[in-house]
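Asker: Structure below; questions to follow.
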Amino acid sequence: MAVLTRYGTSTQETYAYSLVDHLNWLHVNNRSPDTIAFDDLRRYMNGATGQADGVYGLAWRRPDQKPLGTSAAGNVATVVKAYYLSLQASGNVRADLIEALTSGRSFTRHGRAGRTVESNPLAPHTGSRRPRFLPDEVVQALFEPGVLTTARDVMIVTWLHDGGLRVGGLCGLRFCDLHLIRHHPCGQRADPHVHVVGRDDNPNGA
Ligand SMILES: [Zn+2]
């Protein structure tokens with residue numbers, strides 16, 4: 001399908017499954033793409049991620065299919081948006097849907113090529129409270145020349161990535177928490193380590 005040809009092979013496969021899920025939903029609910037409004041897509045996304053408040057339309061997923069996680073839902077959001085935008089040329093899509101899908105601000109992601117990334121209103125919101133981890137390729141991009149310009153920044157990214165520290169934990173570190181020698185007299189570990197200590201008197205509020 002033409003929608004998928006712009007992606008690499010393995011991505012195509014992922015997106016193909018996502019697109020099939022959406023086409024199944026259209027089919028089971030007897031809807032054709034040209035009648036779909038933005039709210040319909042939002043309900044579809046909520047259904048796929050298990051966030052539907054009530055029953056909307058007919059079940060299109062097998063009972064043994066688990067709701068999508070954030071990353072899979074992001075893939076679905078990407079390909080569903082691409083699918084409806086691809087229908088624009090033939091006119092088989094509502095104009096207000098196209099507008100809703102494309103009205104979001106696009107932003108420039110700094111780093112590798114400074115490419116512009118369009119925001120997708122269908123994409124799941126990622127809760128800021130759960131820990132999130134950067135994919136390896138993002139970390140790699142951060143370490144490309146000219147991105148991190150000070151030793152401090154290199155250390156921050158290295159510690160967050162290699163040490164698995166949370167931002168709050170890192171910001172709350174004090175010099176006395178750094179036991180960066182083997183067999184530190186604290187006796188808690190033989191390896192060099194740091195202690196993440198909860199405090200309520202950090203000047204930076206960490
Ligand atoms: Zn220690």
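Residue names in the structure tokens use chain letters A, B, ... in the order shown, residue numbers from 1 in each chain, and ligand numbers from 1 in the order shown.
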Write out, as CSV, each residue of chain A that has an atom at most 8 Å from ligand 1, together with the closest pair of atoms and their distance in Å to one decimal, counting only C-alpha atoms and all ligand atoms, rows going by chain and rising number.
Answerer:
residue,atom,partner,partner_atom_place_in_ligand_line,distance
A:Asp177,CA,ligand 1,1 (Zn),7.1
A:Leu178,CA,ligand 1,1 (Zn),7.3
A:His179,CA,ligand 1,1 (Zn),5.1
A:His184,CA,ligand 1,1 (Zn),6.1
A:Pro185,CA,ligand 1,1 (Zn),7.3
A:Cys186,CA,ligand 1,1 (Zn),4.7
A:Gly187,CA,ligand 1,1 (Zn),6.4
A:Gln188,CA,ligand 1,1 (Zn),5.5
A:Arg189,CA,ligand 1,1 (Zn),6.4
A:Pro192,CA,ligand 1,1 (Zn),7.8
A:His193,CA,ligand 1,1 (Zn),6.2
A:Val194,CA,ligand 1,1 (Zn),6.3
A:His195,CA,ligand 1,1 (Zn),6.1
Asker: I need the residues from that last selection saved to file as a short mmCIF file (atom, residue, chain, number, x, y, z; two decimals), in the first residue's frame (with N, CA, C and O atoms), if you can.
Answerer:
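Saved the output as again.cif:
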data_model
loop_
_atom_site.label_atom_id
_atom_site.label_comp_id
_atom_site.auth_asym_id
_atom_site.auth_seq_id
_atom_site.Cartn_x
_atom_site.Cartn_y
_atom_site.Cartn_z
N ASP A 177 27.51 12.02 48.55
CA ASP A 177 26.80 10.82 48.09
C ASP A 177 27.61 10.03 47.07
O ASP A 177 27.22 8.93 46.68
N LEU A 178 28.70 10.62 46.60
CA LEU A 178 29.49 9.99 45.54
C LEU A 178 30.58 9.13 46.15
O LEU A 178 31.56 9.66 46.68
N HIS A 179 30.38 7.85 46.10
CA HIS A 179 31.38 6.93 46.65
C HIS A 179 32.06 6.26 45.47
O HIS A 179 31.84 5.08 45.18
N HIS A 184 34.54 1.58 49.39
CA HIS A 184 34.30 2.81 50.15
C HIS A 184 33.94 2.43 51.59
O HIS A 184 33.25 1.42 51.83
N PRO A 185 34.45 3.21 52.54
CA PRO A 185 34.20 2.88 53.96
C PRO A 185 32.72 2.77 54.34
O PRO A 185 32.41 2.23 55.42
N CYS A 186 31.80 3.26 53.52
CA CYS A 186 30.38 3.10 53.88
C CYS A 186 30.02 1.62 53.97
O CYS A 186 29.05 1.24 54.63
N GLY A 187 30.82 0.77 53.27
CA GLY A 187 30.66 -0.66 53.40
C GLY A 187 29.46 -1.26 52.69
O GLY A 187 29.19 -2.45 52.81
N GLN A 188 28.72 -0.47 51.96
CA GLN A 188 27.51 -1.01 51.36
C GLN A 188 27.75 -1.74 50.04
O GLN A 188 26.96 -2.58 49.65
N ARG A 189 28.76 -1.35 49.34
CA ARG A 189 29.09 -2.02 48.09
C ARG A 189 30.60 -2.02 47.91
O ARG A 189 31.28 -1.09 48.33
N PRO A 192 32.53 1.03 43.03
CA PRO A 192 32.22 2.46 43.14
C PRO A 192 30.72 2.67 42.91
O PRO A 192 30.11 1.98 42.10
N HIS A 193 30.12 3.58 43.65
CA HIS A 193 28.66 3.74 43.54
C HIS A 193 28.28 5.13 44.01
O HIS A 193 29.10 5.88 44.54
N VAL A 194 27.04 5.48 43.80
CA VAL A 194 26.50 6.71 44.39
C VAL A 194 25.28 6.34 45.22
O VAL A 194 24.66 5.31 44.99
N HIS A 195 24.96 7.15 46.17
CA HIS A 195 23.74 6.95 46.95
C HIS A 195 22.71 8.01 46.54
O HIS A 195 23.02 9.20 46.53
#
Asker: Can you pull out the residues contacting region 29-34 of chain A? Cut-off 6 Å, using only C-alpha atoms, and skip same-chain residues under 5 positions away; I want them as a VMD selection string.
Answerer: chain A and resid 92 to 94
Asker: I need the chosen residues saved as a compact mmCIF listing (two decimals), in the first residue's frame, with N, CA and C atoms.
Answerer:
# COMPACT_ATOMS: atom_id res chain seq x y z
N ASN A 92 -11.23 11.55 -0.88
CA ASN A 92 -12.09 10.64 -0.12
C ASN A 92 -11.88 10.75 1.38
N VAL A 93 -11.84 11.96 1.86
CA VAL A 93 -11.61 12.16 3.28
C VAL A 93 -12.19 13.51 3.67
N ARG A 94 -12.70 13.59 4.89
CA ARG A 94 -13.31 14.86 5.32
C ARG A 94 -12.25 15.95 5.50
Asker: Under the rule that only C-alpha atoms are counted, which of A:Val139, A:Ala37, A:Leu165, A:Ala151 is the nearest residue to Ile98 (chain A)?
Answerer: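 Among A:Val139, A:Ala37, A:Leu165, A:Ala151, it is A:Ala37 that comes nearest to Ile98 (chain A).
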Asker: Using only C-alpha atoms, which of the listed residues (A:Ala77, A:Ala82, A:Leu160, A:Leu68) sits closest to Tyr7 (chain A)?
Answerer: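 Looking at the shortest contact to Tyr7 (chain A), the residue is A:Ala82.
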Asker: Report the distance between CA of His27 (chain A) and CA of Ser119 (chain A) in Å, rounded to one decimal place.
Answerer: 27.6 Å
Asker: In Å to one decimal, how far is CA of Val80 (chain A) from CA of Tyr15 (chain A)?
Answerer: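 That distance, rounded to one decimal, is 9.0 Å.
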Asker: From a DSSP calculation on the backbone, collect every residue of chain A in strand (DSSP E) and output the set as a PDB file with C-alpha atoms, in the first residue's frame.
Answerer:
ATOM      1  CA  SER A 106       5.463  21.074  14.194  1.00  0.00           C
ATOM      2  CA  PHE A 107       8.640  21.318  16.155  1.00  0.00           C
ATOM      3  CA  THR A 108      12.285  20.869  15.389  1.00  0.00           C
ATOM      4  CA  THR A 116      11.261  18.846  11.714  1.00  0.00           C
ATOM      5  CA  VAL A 117       8.860  16.489  13.401  1.00  0.00           C
ATOM      6  CA  GLU A 118       5.165  17.038  13.040  1.00  0.00           C
ATOM      7  CA  LEU A 178      29.486   9.992  45.538  1.00  0.00           C
ATOM      8  CA  HIS A 179      31.379   6.931  46.646  1.00  0.00           C
ATOM      9  CA  HIS A 193      28.662   3.736  43.545  1.00  0.00           C
ATOM     10  CA  VAL A 194      26.502   6.714  44.392  1.00  0.00           C
TER      11      VAL A 194
END
Asker: What's the separation between CA of Val167 (chain A) and CA of Ala123 (chain A), in Å to one decimal place?
Answerer: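 Interatomic distance here is 24.3 Å.
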Asker: Near Gly172 (chain A), counting only C-alpha atoms, which residues have an atom at most 8 Å away, once you skip same-chain residues fewer than 3 positions from it, shown as a count of residues only?
Answerer: 9
Asker: Between A:Val147, A:Val138, A:Leu180, A:Ile36, which has the minimum distance to Leu87 (chain A) (counting only C-alpha atoms)?
Answerer: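 Of A:Val147, A:Val138, A:Leu180, A:Ile36, the one nearest Leu87 (chain A), counting only C-alpha atoms, is A:Ile36.
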